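entry27.txt (compact mmCIF, C-alpha atoms and all ligand atoms)
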# COMPACT_ATOMS: atom_id res chain seq x y z
CA MET A 892 51.55 6.93 -56.45
CA ILE A 893 53.78 8.86 -54.06
CA ILE A 894 51.81 9.54 -50.88
CA LYS A 895 52.54 12.58 -48.74
CA PRO A 896 50.78 13.59 -45.54
CA LYS A 897 47.95 16.09 -46.00
CA VAL A 898 46.96 17.36 -42.58
CA ARG A 899 43.63 19.17 -42.30
CA GLY A 900 43.02 20.34 -38.74
CA PHE A 901 43.05 17.30 -36.50
CA VAL A 902 43.05 14.68 -39.27
CA CYS A 903 45.40 13.63 -41.99
CA VAL A 904 43.42 12.88 -45.14
CA THR A 905 46.06 10.57 -46.60
CA ALA A 906 47.56 7.34 -45.26
CA HIS A 907 50.62 5.35 -46.29
CA PRO A 908 50.12 1.57 -46.71
CA GLU A 909 53.71 0.49 -46.00
CA GLY A 910 53.97 3.05 -43.20
CA CYS A 911 50.80 1.72 -41.56
CA ALA A 912 52.22 -1.81 -41.93
CA ALA A 913 55.47 -0.70 -40.25
CA HIS A 914 53.45 0.85 -37.42
CA VAL A 915 51.53 -2.39 -36.92
CA GLN A 916 54.86 -4.27 -36.94
CA GLU A 917 56.20 -1.99 -34.18
CA TRP A 918 53.21 -2.87 -32.02
CA ILE A 919 53.58 -6.58 -32.76
CA ALA A 920 57.29 -6.37 -31.89
CA HIS A 921 56.44 -4.74 -28.55
CA VAL A 922 54.01 -7.52 -27.65
CA ARG A 923 56.44 -10.24 -28.70
CA ALA A 924 59.24 -8.63 -26.69
CA GLN A 925 57.12 -8.86 -23.51
CA GLY A 926 56.79 -12.64 -23.96
CA PRO A 927 53.68 -14.80 -23.93
CA ILE A 928 50.66 -13.84 -21.82
CA ALA A 929 50.04 -16.98 -19.77
CA GLN A 930 46.36 -18.04 -19.73
CA GLY A 931 45.63 -15.28 -22.27
CA PRO A 932 42.57 -15.22 -24.54
CA LYS A 933 42.30 -17.67 -27.43
CA LYS A 934 39.22 -16.64 -29.41
CA VAL A 935 38.59 -12.95 -29.48
CA LEU A 936 36.06 -10.55 -30.96
CA VAL A 937 37.29 -6.96 -31.17
CA ILE A 938 34.66 -4.35 -32.03
CA GLY A 939 36.59 -1.32 -33.30
CA SER A 940 39.71 -3.31 -34.18
CA SER A 941 41.43 -1.24 -36.85
CA THR A 942 43.07 1.68 -35.00
CA GLY A 943 43.94 2.88 -31.50
CA TYR A 944 43.03 0.83 -28.45
CA GLY A 945 41.03 -1.75 -30.42
CA LEU A 946 43.94 -2.48 -32.78
CA ALA A 947 46.25 -2.73 -29.76
CA SER A 948 43.81 -5.20 -28.17
CA ARG A 949 43.74 -7.33 -31.28
CA ILE A 950 47.54 -7.35 -31.53
CA ALA A 951 48.03 -8.11 -27.82
CA ALA A 952 45.56 -11.02 -28.03
CA ALA A 953 47.00 -12.48 -31.24
CA PHE A 954 50.72 -12.03 -30.66
CA GLY A 955 50.67 -12.20 -26.86
CA SER A 956 48.58 -15.31 -26.51
CA GLY A 957 48.13 -16.83 -29.96
CA ALA A 958 44.46 -15.84 -30.24
CA ALA A 959 42.26 -16.26 -33.28
CA THR A 960 40.57 -12.92 -33.85
CA LEU A 961 37.52 -11.49 -35.56
CA GLY A 962 37.92 -7.75 -36.09
CA VAL A 963 34.95 -5.44 -36.73
CA PHE A 964 35.67 -1.91 -37.95
CA PHE A 965 34.39 0.82 -40.25
CA GLU A 966 37.03 1.92 -42.73
CA ARG A 967 37.03 3.38 -46.24
CA PRO A 968 38.95 1.59 -49.00
CA SER A 969 40.90 3.58 -51.58
CA GLU A 970 38.78 5.42 -54.13
CA GLU A 971 39.99 6.55 -57.54
CA GLY A 972 43.61 6.71 -56.48
CA ARG A 973 42.85 8.29 -53.11
CA PRO A 974 44.46 6.28 -50.31
CA ALA A 975 42.28 4.24 -47.97
CA THR A 976 41.89 5.19 -44.31
CA PRO A 977 44.73 4.04 -42.01
CA GLY A 978 42.58 1.40 -40.32
CA TRP A 979 42.13 -0.29 -43.69
CA TYR A 980 45.87 -0.63 -44.22
CA ASN A 981 46.43 -1.53 -40.55
CA THR A 982 43.96 -4.38 -40.92
CA ILE A 983 45.72 -5.73 -44.01
CA ALA A 984 49.06 -5.59 -42.19
CA PHE A 985 47.65 -7.24 -39.07
CA THR A 986 45.95 -9.97 -41.10
CA ASN A 987 49.10 -10.73 -43.09
CA ALA A 988 51.20 -10.93 -39.95
CA ALA A 989 48.67 -13.04 -38.05
CA ARG A 990 48.28 -15.51 -40.89
CA ALA A 991 52.06 -15.70 -41.37
CA ALA A 992 52.23 -16.66 -37.69
CA GLY A 993 49.62 -19.37 -38.27
CA LEU A 994 46.83 -17.47 -36.53
CA HIS A 995 43.25 -17.23 -37.70
CA ALA A 996 42.23 -13.64 -38.51
CA ALA A 997 38.84 -12.67 -39.98
CA ASN A 998 37.59 -9.16 -40.73
CA LEU A 999 34.23 -7.46 -41.00
CA ASN A 1000 34.12 -3.94 -42.39
CA GLY A 1001 30.82 -2.20 -41.77
CA ASP A 1002 28.64 -0.39 -39.26
CA ALA A 1003 29.00 -2.18 -35.92
CA PHE A 1004 25.90 -0.34 -34.66
CA SER A 1005 23.72 -2.12 -37.23
CA ASP A 1006 21.82 -5.39 -36.75
CA ASP A 1007 23.21 -6.63 -40.04
CA ILE A 1008 26.88 -6.45 -38.99
CA LYS A 1009 26.04 -8.08 -35.66
CA LYS A 1010 24.35 -10.92 -37.52
CA GLN A 1011 27.31 -11.31 -39.87
CA ALA A 1012 29.67 -11.38 -36.88
CA LEU A 1013 27.60 -14.12 -35.21
CA ASP A 1014 27.68 -16.17 -38.41
CA LEU A 1015 31.47 -15.78 -38.69
CA ILE A 1016 31.99 -16.72 -35.04
CA ARG A 1017 29.80 -19.81 -35.38
CA ALA A 1018 31.59 -20.85 -38.56
CA ASP A 1019 35.21 -20.10 -37.59
CA LEU A 1020 35.57 -19.86 -33.84
CA GLY A 1021 32.60 -21.68 -32.30
CA GLN A 1022 32.68 -19.48 -29.20
CA VAL A 1023 34.67 -16.46 -28.00
CA ASP A 1024 36.44 -16.05 -24.66
CA LEU A 1025 37.03 -12.29 -24.93
CA VAL A 1026 34.99 -9.45 -26.41
CA VAL A 1027 36.67 -6.03 -26.59
CA TYR A 1028 34.36 -3.09 -27.21
CA SER A 1029 36.49 -0.19 -28.50
CA LEU A 1030 34.33 1.93 -30.78
CA ALA A 1031 34.88 5.66 -31.09
CA SER A 1032 32.46 7.25 -33.52
CA PRO A 1033 30.98 10.66 -34.19
CA ARG A 1034 27.57 9.20 -35.08
CA ARG A 1035 25.29 6.19 -34.75
CA THR A 1036 22.26 5.19 -36.74
CA HIS A 1037 19.98 3.56 -34.21
CA PRO A 1038 19.16 0.02 -35.36
CA THR A 1039 15.47 0.11 -34.37
CA THR A 1040 14.43 3.76 -34.78
CA GLY A 1041 16.70 4.62 -37.74
CA VAL A 1042 17.47 7.95 -36.04
CA VAL A 1043 21.00 9.25 -36.70
CA HIS A 1044 22.51 10.40 -33.38
CA LYS A 1045 25.52 12.70 -33.50
CA SER A 1046 27.90 13.01 -30.59
CA VAL A 1047 29.27 16.36 -29.45
CA LEU A 1048 32.20 17.27 -27.20
CA LYS A 1049 30.73 19.98 -25.00
CA PRO A 1050 30.57 20.97 -21.35
CA LEU A 1051 27.36 20.81 -19.34
CA GLY A 1052 25.60 23.72 -17.67
CA ALA A 1053 28.04 26.53 -18.41
CA SER A 1054 30.48 27.46 -21.13
CA TYR A 1055 34.08 26.32 -20.69
CA THR A 1056 37.13 28.39 -21.51
CA ASN A 1057 40.63 27.01 -21.43
CA LYS A 1058 43.88 26.77 -23.32
CA THR A 1059 44.19 24.54 -26.34
CA VAL A 1060 46.82 23.92 -28.97
CA ASP A 1061 46.68 23.83 -32.74
CA THR A 1062 48.28 20.41 -33.19
CA ASP A 1063 49.43 21.26 -36.70
CA LYS A 1064 51.19 24.54 -35.93
CA GLY A 1065 51.92 24.35 -32.19
CA ILE A 1066 50.05 27.59 -31.48
CA VAL A 1067 48.56 27.81 -27.99
CA SER A 1068 45.32 29.76 -27.83
CA THR A 1069 42.17 30.07 -25.77
CA VAL A 1070 39.01 28.25 -26.72
CA THR A 1071 35.50 28.70 -25.39
CA ILE A 1072 32.96 25.95 -25.84
CA GLU A 1073 29.29 26.56 -25.25
CA PRO A 1074 27.35 24.07 -23.11
CA ALA A 1075 25.36 21.24 -24.62
CA ASN A 1076 21.59 21.16 -24.58
CA GLU A 1077 19.58 18.14 -23.39
CA ALA A 1078 19.20 16.71 -26.89
CA GLU A 1079 22.97 16.83 -27.45
CA ILE A 1080 23.60 15.05 -24.15
CA ALA A 1081 21.13 12.33 -25.11
CA ASP A 1082 22.58 12.03 -28.61
CA THR A 1083 26.17 11.70 -27.33
CA THR A 1084 25.04 9.00 -24.90
CA ALA A 1085 23.25 7.19 -27.72
CA VAL A 1086 26.52 7.12 -29.71
CA MET A 1087 29.23 6.64 -27.08
CA GLY A 1088 27.20 5.16 -24.19
CA GLY A 1089 26.64 1.50 -23.43
CA GLU A 1090 23.45 0.56 -25.29
CA ASP A 1091 25.27 -0.85 -28.29
CA TRP A 1092 27.70 -2.85 -26.11
CA GLU A 1093 24.62 -4.38 -24.43
CA LEU A 1094 23.08 -5.17 -27.82
CA TRP A 1095 26.29 -6.93 -28.89
CA MET A 1096 26.57 -8.97 -25.70
CA ASN A 1097 22.88 -9.94 -25.73
CA ALA A 1098 23.20 -11.01 -29.37
CA LEU A 1099 26.31 -13.08 -28.62
CA ASP A 1100 24.62 -14.63 -25.61
CA GLY A 1101 21.45 -15.38 -27.59
CA ALA A 1102 23.52 -17.12 -30.26
CA GLY A 1103 25.25 -19.26 -27.63
CA VAL A 1104 28.74 -18.13 -28.69
CA LEU A 1105 30.01 -16.88 -25.29
CA LYS A 1106 32.46 -19.39 -23.87
CA GLU A 1107 32.42 -20.33 -20.19
CA GLY A 1108 34.61 -17.76 -18.42
CA CYS A 1109 34.34 -15.20 -21.23
CA GLN A 1110 35.35 -11.64 -20.37
CA THR A 1111 34.22 -8.43 -22.01
CA VAL A 1112 35.84 -5.04 -21.59
CA ALA A 1113 35.03 -1.53 -22.87
CA TYR A 1114 37.36 1.44 -22.60
CA SER A 1115 36.90 4.76 -20.89
CA TYR A 1116 38.86 7.84 -19.87
CA ILE A 1117 38.84 10.19 -16.88
CA GLY A 1118 41.93 12.39 -17.08
CA PRO A 1119 43.03 15.49 -15.19
CA GLN A 1120 40.85 18.15 -13.60
CA VAL A 1121 41.79 20.73 -16.26
CA THR A 1122 39.88 18.70 -18.86
CA TRP A 1123 36.96 17.58 -16.67
CA PRO A 1124 34.49 20.24 -17.92
CA ILE A 1125 35.02 19.05 -21.51
CA TYR A 1126 35.61 15.36 -20.77
CA LYS A 1127 34.64 13.67 -17.51
CA ASP A 1128 31.90 16.19 -16.62
CA GLY A 1129 30.94 16.92 -20.24
CA THR A 1130 28.75 15.17 -22.78
CA ILE A 1131 31.32 12.41 -23.38
CA GLY A 1132 31.61 11.85 -19.62
CA LYS A 1133 27.83 11.37 -19.45
CA ALA A 1134 28.12 8.80 -22.22
CA LYS A 1135 30.92 7.03 -20.33
CA GLU A 1136 28.70 6.92 -17.21
CA ASP A 1137 26.17 5.11 -19.35
CA LEU A 1138 28.92 2.75 -20.54
CA GLU A 1139 29.60 1.89 -16.90
CA ARG A 1140 25.87 1.37 -16.28
CA ALA A 1141 25.81 -1.03 -19.22
CA GLY A 1142 28.96 -2.74 -17.93
CA ARG A 1143 27.21 -3.56 -14.64
CA LYS A 1144 24.21 -4.98 -16.48
CA ILE A 1145 26.38 -7.01 -18.84
CA ASP A 1146 28.37 -8.28 -15.84
CA ASP A 1147 25.17 -9.89 -14.52
CA LEU A 1148 24.77 -11.64 -17.86
CA MET A 1149 28.42 -12.70 -18.00
CA LYS A 1150 28.24 -14.19 -14.50
CA LEU A 1151 25.83 -16.78 -15.93
CA HIS A 1152 28.83 -17.87 -18.03
CA ARG A 1153 31.22 -17.61 -15.06
CA GLY A 1154 32.69 -14.61 -16.84
CA ARG A 1155 32.67 -10.87 -16.27
CA ALA A 1156 32.22 -7.47 -17.85
CA PHE A 1157 33.98 -4.29 -16.84
CA VAL A 1158 35.20 -0.91 -17.99
CA SER A 1159 38.92 -0.23 -18.13
CA VAL A 1160 39.97 3.39 -17.74
CA ASN A 1161 42.91 3.87 -20.08
CA LYS A 1162 45.62 6.48 -20.40
CA ALA A 1163 45.44 9.50 -22.74
CA VAL A 1164 47.14 8.62 -26.02
CA VAL A 1165 47.18 10.12 -29.51
CA THR A 1166 44.47 8.50 -31.63
CA GLN A 1167 42.08 9.79 -34.24
CA ALA A 1168 39.41 10.02 -31.55
CA SER A 1169 41.49 11.91 -28.96
CA SER A 1170 42.97 14.38 -31.45
CA ALA A 1171 39.46 15.75 -32.03
CA ILE A 1172 38.83 16.79 -28.42
CA PRO A 1173 39.58 20.46 -27.62
CA VAL A 1174 42.16 21.07 -24.83
CA VAL A 1175 43.09 17.36 -24.60
CA PRO A 1176 45.99 17.49 -27.15
CA LEU A 1177 47.61 20.30 -25.12
CA TYR A 1178 47.32 18.21 -21.96
CA VAL A 1179 48.65 15.14 -23.79
CA SER A 1180 51.70 17.07 -25.05
CA LEU A 1181 52.55 18.14 -21.48
CA LEU A 1182 51.82 14.68 -20.11
CA PHE A 1183 54.13 12.99 -22.62
CA LYS A 1184 57.07 15.15 -21.57
CA ILE A 1185 56.50 14.46 -17.89
CA MET A 1186 55.89 10.71 -18.26
CA LYS A 1187 58.82 10.23 -20.64
CA ALA A 1188 61.14 11.99 -18.16
CA LYS A 1189 59.84 9.69 -15.44
CA GLY A 1190 60.15 6.59 -17.65
CA THR A 1191 56.45 5.73 -17.37
CA HIS A 1192 55.25 6.86 -20.80
CA GLU A 1193 53.00 4.40 -22.64
CA GLY A 1194 51.09 4.29 -25.92
CA CYS A 1195 48.10 2.11 -26.86
CA ILE A 1196 50.05 -1.11 -27.23
CA GLU A 1197 51.97 -0.77 -23.95
CA GLN A 1198 48.69 -0.03 -22.15
CA ILE A 1199 46.77 -2.99 -23.50
CA GLN A 1200 49.65 -5.45 -23.22
CA ARG A 1201 49.94 -4.42 -19.53
CA LEU A 1202 46.16 -4.62 -19.03
CA PHE A 1203 46.10 -8.18 -20.39
CA GLU A 1204 49.31 -9.47 -18.80
CA LYS A 1205 49.18 -7.84 -15.39
CA GLN A 1206 45.45 -7.60 -14.77
CA MET A 1207 43.07 -9.60 -16.95
CA TYR A 1208 45.16 -12.74 -17.34
CA ASN A 1209 47.10 -12.77 -14.10
CA GLY A 1210 45.08 -14.99 -11.81
CA ASN A 1211 42.80 -12.84 -9.69
CA ALA A 1212 44.84 -9.66 -10.17
CA LEU A 1213 42.00 -7.53 -11.58
CA ASP A 1214 42.13 -4.46 -9.41
CA PHE A 1215 38.88 -2.48 -9.36
CA ASP A 1216 38.44 1.08 -8.10
CA GLU A 1217 35.50 2.07 -5.88
CA HIS A 1218 33.28 2.35 -8.99
CA GLY A 1219 34.16 -1.13 -10.25
CA ARG A 1220 36.50 0.10 -12.98
CA VAL A 1221 39.96 -1.21 -13.79
CA ARG A 1222 42.50 1.63 -13.77
CA ILE A 1223 45.27 1.16 -16.30
CA ASP A 1224 45.59 4.96 -16.27
CA ASP A 1225 47.32 4.57 -12.89
CA TRP A 1226 50.70 5.88 -14.08
CA GLU A 1227 49.07 8.89 -15.79
CA MET A 1228 47.06 9.71 -12.69
CA ALA A 1229 50.01 9.32 -10.29
CA PRO A 1230 49.91 12.40 -8.00
CA ASP A 1231 53.42 13.60 -8.95
CA VAL A 1232 52.59 13.40 -12.67
CA GLN A 1233 49.32 15.28 -12.22
CA LYS A 1234 51.01 17.89 -10.06
CA ALA A 1235 53.65 18.48 -12.73
CA VAL A 1236 50.90 19.00 -15.34
CA PHE A 1237 48.98 21.27 -12.98
CA ASP A 1238 52.10 23.37 -12.31
CA ALA A 1239 53.02 23.66 -15.99
CA TRP A 1240 49.51 24.45 -17.21
CA PRO A 1241 49.37 28.20 -16.36
CA LEU A 1242 52.87 28.71 -17.78
CA VAL A 1243 52.22 27.30 -21.27
CA THR A 1244 52.09 29.78 -24.13
CA THR A 1245 53.02 29.46 -27.77
CA GLU A 1246 56.48 30.77 -26.87
CA THR A 1247 57.05 28.36 -23.96
CA PHE A 1248 55.23 25.40 -25.51
CA ASP A 1249 58.38 23.55 -26.55
CA ALA A 1250 59.92 23.95 -23.11
CA HIS A 1251 56.91 22.44 -21.33
CA ALA A 1252 55.56 19.99 -23.86
CA ASP A 1253 56.71 17.05 -25.93
CA PHE A 1254 55.14 18.43 -29.10
CA ALA A 1255 57.55 16.46 -31.30
CA GLY A 1256 56.38 13.28 -29.55
CA TYR A 1257 52.72 14.26 -29.99
CA GLN A 1258 53.18 15.01 -33.68
CA SER A 1259 55.22 11.88 -34.26
CA ASP A 1260 52.47 9.69 -32.74
CA PHE A 1261 49.85 11.59 -34.74
CA MET A 1262 51.71 11.07 -38.03
CA LYS A 1263 52.43 7.42 -37.26
CA ASN A 1264 48.69 6.84 -36.94
CA PHE A 1265 48.52 7.61 -40.66
CA GLY A 1266 51.66 5.64 -41.55
CA PHE A 1267 54.07 8.59 -41.79
CA GLY A 1268 57.44 9.03 -40.11
CA LEU A 1269 58.18 5.32 -39.75
CA ALA A 1270 61.80 4.23 -39.96
CA GLY A 1271 62.78 2.25 -43.04
CA ILE A 1272 59.99 3.50 -45.30
CA ASP A 1273 60.95 5.26 -48.52
CA TYR A 1274 58.32 8.00 -48.67
CA GLU A 1275 59.65 9.22 -52.02
CA ALA A 1276 58.91 5.87 -53.69
CA PRO A 1277 55.59 5.28 -55.43
CA THR A 1278 53.31 2.80 -53.73
CA GLU A 1279 50.07 0.99 -54.58
CA VAL A 1280 47.13 2.58 -52.78
CA GLU A 1281 44.55 0.06 -53.91
CA ARG A 1282 44.84 -2.93 -51.65
CA PRO A 1283 41.85 -5.17 -51.00
CA ILE A 1284 41.37 -6.58 -47.52
CA GLU A 1285 40.01 -9.81 -49.03
CA ASP A 1286 43.43 -10.57 -50.49
CA ALA A 1287 45.21 -9.98 -47.22
P1 LIG A 1301 40.04 5.21 -32.66
O1 LIG A 1301 39.40 6.33 -33.39
O2 LIG A 1301 41.51 5.02 -32.83
O3 LIG A 1301 39.35 3.81 -33.06
C1 LIG A 1301 37.99 3.68 -33.22
C2 LIG A 1301 37.65 2.33 -33.83
O4 LIG A 1301 36.21 2.25 -33.96
C3 LIG A 1301 38.22 2.11 -35.25
O5 LIG A 1301 38.59 0.75 -35.38
C4 LIG A 1301 37.00 2.40 -36.16
O6 LIG A 1301 37.04 1.73 -37.41
C5 LIG A 1301 35.89 1.85 -35.29
N1 LIG A 1301 34.57 2.37 -35.61
C6 LIG A 1301 34.12 3.65 -35.53
N2 LIG A 1301 32.82 3.71 -35.89
C7 LIG A 1301 32.45 2.44 -36.22
C8 LIG A 1301 31.25 1.84 -36.67
N3 LIG A 1301 30.14 2.56 -36.85
N4 LIG A 1301 31.25 0.52 -36.93
C9 LIG A 1301 32.37 -0.23 -36.77
N5 LIG A 1301 33.53 0.28 -36.32
C10 LIG A 1301 33.56 1.59 -36.05
O7 LIG A 1301 39.65 5.41 -31.13
P2 LIG A 1301 40.36 5.12 -29.73
O8 LIG A 1301 40.94 6.39 -29.24
O9 LIG A 1301 41.20 3.90 -29.78
O10 LIG A 1301 39.08 4.86 -28.82
C11 LIG A 1301 38.59 3.57 -28.53
C12 LIG A 1301 37.97 3.60 -27.13
O11 LIG A 1301 39.01 3.92 -26.19
C13 LIG A 1301 36.90 4.68 -26.96
O12 LIG A 1301 35.88 4.19 -26.12
C14 LIG A 1301 37.65 5.80 -26.25
O13 LIG A 1301 36.81 6.65 -25.49
C15 LIG A 1301 38.57 4.98 -25.37
N6 LIG A 1301 39.75 5.73 -24.83
C16 LIG A 1301 40.55 6.47 -25.65
C17 LIG A 1301 41.60 7.18 -25.10
C18 LIG A 1301 42.51 8.04 -25.96
O14 LIG A 1301 43.32 8.82 -25.40
N7 LIG A 1301 42.45 7.90 -27.28
C19 LIG A 1301 41.87 7.10 -23.73
C20 LIG A 1301 41.08 6.30 -22.93
C21 LIG A 1301 40.00 5.61 -23.50
Structure translated into structure tokens:
Amino acid sequence: MIIKPKVRGFVCVTAHPEGCAAHVQEWIAHVRAQGPIAQGPKKVLVIGSSTGYGLASRIAAAFGSGAATLGVFFERPSEEGRPATPGWYNTIAFTNAARAAGLHAANLNGDAFSDDIKKQALDLIRADLGQVDLVVYSLASPRRTHPTTGVVHKSVLKPLGASYTNKTVDTDKGIVSTVTIEPANEAEIADTTAVMGGEDWELWMNALDGAGVLKEGCQTVAYSYIGPQVTWPIYKDGTIGKAKEDLERAGRKIDDLMKLHRGRAFVSVNKAVVTQASSAIPVVPLYVSLLFKIMKAKGTHEGCIEQIQRLFEKQMYNGNALDFDEHGRVRIDDWEMAPDVQKAVFDAWPLVTTETFDAHADFAGYQSDFMKNFGFGLAGIDYEAPTEVERPIEDA
């Protein structure tokens, strides 16, 4: 069938298989162009490997340092002619490319929060990899079924204490408006922490440790975000920020465990990029559109793959170069948080309206990244040509 983008709010409900493959190839090409990552990881588990920062981590490990990878993700295959989710097609493209390069690549599609998927991952690691030397935890999910209680926790993106009013942008139409978000109650804070906090990362690492599949020197990293003061009420100081505090708590606990293997655990604070997860957060897409313009003008703009390739090459696998902030986090958001960049955002913020949006923001860049996440707008793809939507991952 011929697949066209169908954007509904902050998601696109269609995805293009060849376009997703071309997107994955762009990321692979970036990693290859940077050259090999000396002393990089060799056997890697990526939890949340099919899109965004997790996919970038898998690509950087495989094509930057020849790593065998096991990817865990939760994606929907095609159904009755309806295209699969982008992460499904990304995974096929990654797996094809990895195997063509002689690299082992195994995939597990299912709920990473469940005991069953953890058990299946342990079995696959034992069978194929023996042990892992890197575990990347990169889940972004709106809900989590707790493995012991069976309770379904739903995360919310809300401020704490008081309502929050600020500008936001309709990422489909480019209309700048004002949004007010009411504060979360205690149950919503607890639920968001249950989904996006660190308990599940701890469960994974304890399970891997218990199965004896953590290699001496193994590292584990989970990703977080801080961002500018304009978004703090909805991000850093909101429900998601509380969850990220819990992720850091878990990171410290897991670090104690990893030390027994002469390894380490830490949280990396990454830059704001356009992913399925970040598109859903009010206010953030407006900030990201302004940020892109400023960072592109300065020559410091990065997407997921540039961020993770830099994290691996310059920090994690560069001798003792890991550079922690006062809270023990690695800051690969350093170029975003540079004072001159933040000042430029701060100065532009009050001036942005629908009419001035194009002058202040890189909306074309935002939209292009958004569409690419679904396999649209890639060079060399004939979007008028029919394509096969049904593609099994098993055959990849
Ligand atoms: P994303 O939506 O692109 O990717 C999420 C991944 O998690 C996908 O591979 C998806 O399949 C997987 N997943 C979701 N629920 C799952 C489940 N139940 N079982 C198995 N897999 C599941 O998200 P992203 O933006 O790359 O976010 C990844 C991490 O990076 C998050 O912790 C996020 O907070 C952090 N981060 C994101 C940004 C940003 O701007 N996007 C910035 C800094 C940090």
_Which residues are near region 1093-1098 of chain A? Cut-off 7 Å, all atoms listed in the file, ignore same chain within fewer than 4 positions. Put them as number ranges by chain._
A: 1009, 1089, 1102, 1141, 1145
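Of the listed residues A:Tyr1114, A:Trp1092, A:Phe954, A:Phe985, the one whose atoms come nearest to ligand LIG 1301 (chain A) is A:Tyr1114, with distances taken using all atoms listed in the file.
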*asked:* Show me which residues are within 6 Å of ligand LIG 1301 (chain A) counting only C-alpha atoms and all ligand atoms, and format the list as an NGL selection string.
replied: :A and (939-945 or 963-966 or 1001-1004 or 1029-1032 or 1114-1116 or 1161-1169)
Who sits within 8 Å of Lys1045 (chain A), all atoms listed in the file, same chain under 5 positions skipped, as a PDB file with C-alpha atoms, keeping the file's coordinate frame:
ATOM      1  CA  PRO A1033      30.980  10.660 -34.190  1.00  0.00           C
ATOM      2  CA  ARG A1034      27.570   9.200 -35.080  1.00  0.00           C
ATOM      3  CA  ARG A1035      25.290   6.190 -34.750  1.00  0.00           C
ATOM      4  CA  GLU A1079      22.970  16.830 -27.450  1.00  0.00           C
ATOM      5  CA  ASP A1082      22.580  12.030 -28.610  1.00  0.00           C
ATOM      6  CA  THR A1083      26.170  11.700 -27.330  1.00  0.00           C
ATOM      7  CA  VAL A1086      26.520   7.120 -29.710  1.00  0.00           C
TER       8      VAL A1086
END
*Skipping near chain neighbours, those fewer than 3 positions away, what residues fall within 12 Å of Ala1270 (chain A) using only C-alpha atoms, listed as a PyMOL selection string?*
chain A and resi 909-914+916-917+1259+1263+1266-1267+1273-1274
Please dump the current selection as a CSV table (one decimal), in the coordinates of the input; keep C-alpha atoms.
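New file selection_7.csv:
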chain,number,residue,atom,x,y,z
A,909,GLU,CA,53.7,0.5,-46.0
A,910,GLY,CA,54.0,3.0,-43.2
A,911,CYS,CA,50.8,1.7,-41.6
A,912,ALA,CA,52.2,-1.8,-41.9
A,913,ALA,CA,55.5,-0.7,-40.2
A,914,HIS,CA,53.4,0.8,-37.4
A,916,GLN,CA,54.9,-4.3,-36.9
A,917,GLU,CA,56.2,-2.0,-34.2
A,1259,SER,CA,55.2,11.9,-34.3
A,1263,LYS,CA,52.4,7.4,-37.3
A,1266,GLY,CA,51.7,5.6,-41.6
A,1267,PHE,CA,54.1,8.6,-41.8
A,1273,ASP,CA,61.0,5.3,-48.5
A,1274,TYR,CA,58.3,8.0,-48.7
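With distances restricted to only C-alpha atoms, A:Pro1119 is the closest residue to Ala1229 (chain A) from A:Pro1119, A:Lys1187, A:Asn1264, A:Ala1081.
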*Quick one, how far is CA of Phe1261 (chain A) from CA of Glu1139 (chain A)?*
28.7 Å
Which polymer residues have any atom within 6 Å of an atom of region 1239-1255 of chain A, counting only C-alpha atoms, with same-chain residues fewer than 5 positions away left out, as an mmCIF file with C-alpha atoms, in the frame of the given file?
data_model
loop_
_atom_site.group_PDB
_atom_site.id
_atom_site.type_symbol
_atom_site.label_atom_id
_atom_site.label_comp_id
_atom_site.auth_asym_id
_atom_site.auth_seq_id
_atom_site.Cartn_x
_atom_site.Cartn_y
_atom_site.Cartn_z
ATOM 1 C CA ILE A 1066 50.050 27.590 -31.480
ATOM 2 C CA VAL A 1067 48.560 27.810 -27.990
ATOM 3 C CA SER A 1180 51.700 17.070 -25.050
ATOM 4 C CA LEU A 1181 52.550 18.140 -21.480
ATOM 5 C CA PHE A 1183 54.130 12.990 -22.620
ATOM 6 C CA LYS A 1184 57.070 15.150 -21.570
#
*Pick from A:Tyr1028, A:Tyr1126, A:Phe1157, A:Tyr1257: nearest to Arg1220 (chain A), with all atoms listed in the file counted?*
A:Phe1157
Specify the axis-aligned box that encloses all atoms of region 1041-1058 of chain A listed in the file after padding of 5 Å on each side, stating its centre and edge lengths in Å to one decimal as AutoDock Vina command-line options.
--center_x 30.3 --center_y 16.5 --center_z -27.7 --size_x 37.2 --size_y 33.8 --size_z 30.1
*Within 7 Å of file point (29.4, -18.3, -21.6), counting all atoms listed in the file, expressed as a ChimeraX atom specification*: /A:1105-1109,1149,1151-1154
Writing out the chosen residues with C-alpha atoms as a PDB file, in the coordinates of the input:
ATOM      1  CA  LEU A1105      30.010 -16.880 -25.290  1.00  0.00           C
ATOM      2  CA  LYS A1106      32.460 -19.390 -23.870  1.00  0.00           C
ATOM      3  CA  GLU A1107      32.420 -20.330 -20.190  1.00  0.00           C
ATOM      4  CA  GLY A1108      34.610 -17.760 -18.420  1.00  0.00           C
ATOM      5  CA  CYS A1109      34.340 -15.200 -21.230  1.00  0.00           C
ATOM      6  CA  MET A1149      28.420 -12.700 -18.000  1.00  0.00           C
ATOM      7  CA  LEU A1151      25.830 -16.780 -15.930  1.00  0.00           C
ATOM      8  CA  HIS A1152      28.830 -17.870 -18.030  1.00  0.00           C
ATOM      9  CA  ARG A1153      31.220 -17.610 -15.060  1.00  0.00           C
ATOM     10  CA  GLY A1154      32.690 -14.610 -16.840  1.00  0.00           C
TER      11      GLY A1154
END
*So which residues fall inside 9 Å of (27.0, -20.2, -29.3) if we count all atoms listed in the file? Mind giving them as a PyMOL selection string?*
chain A and resi 1013+1016-1017+1021-1023+1099-1106
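Closest approach to Val1179 (chain A) among A:Leu1048, A:Val1121, A:Ile1131, A:Ala929 is made by A:Val1121 (distances from all atoms listed in the file).
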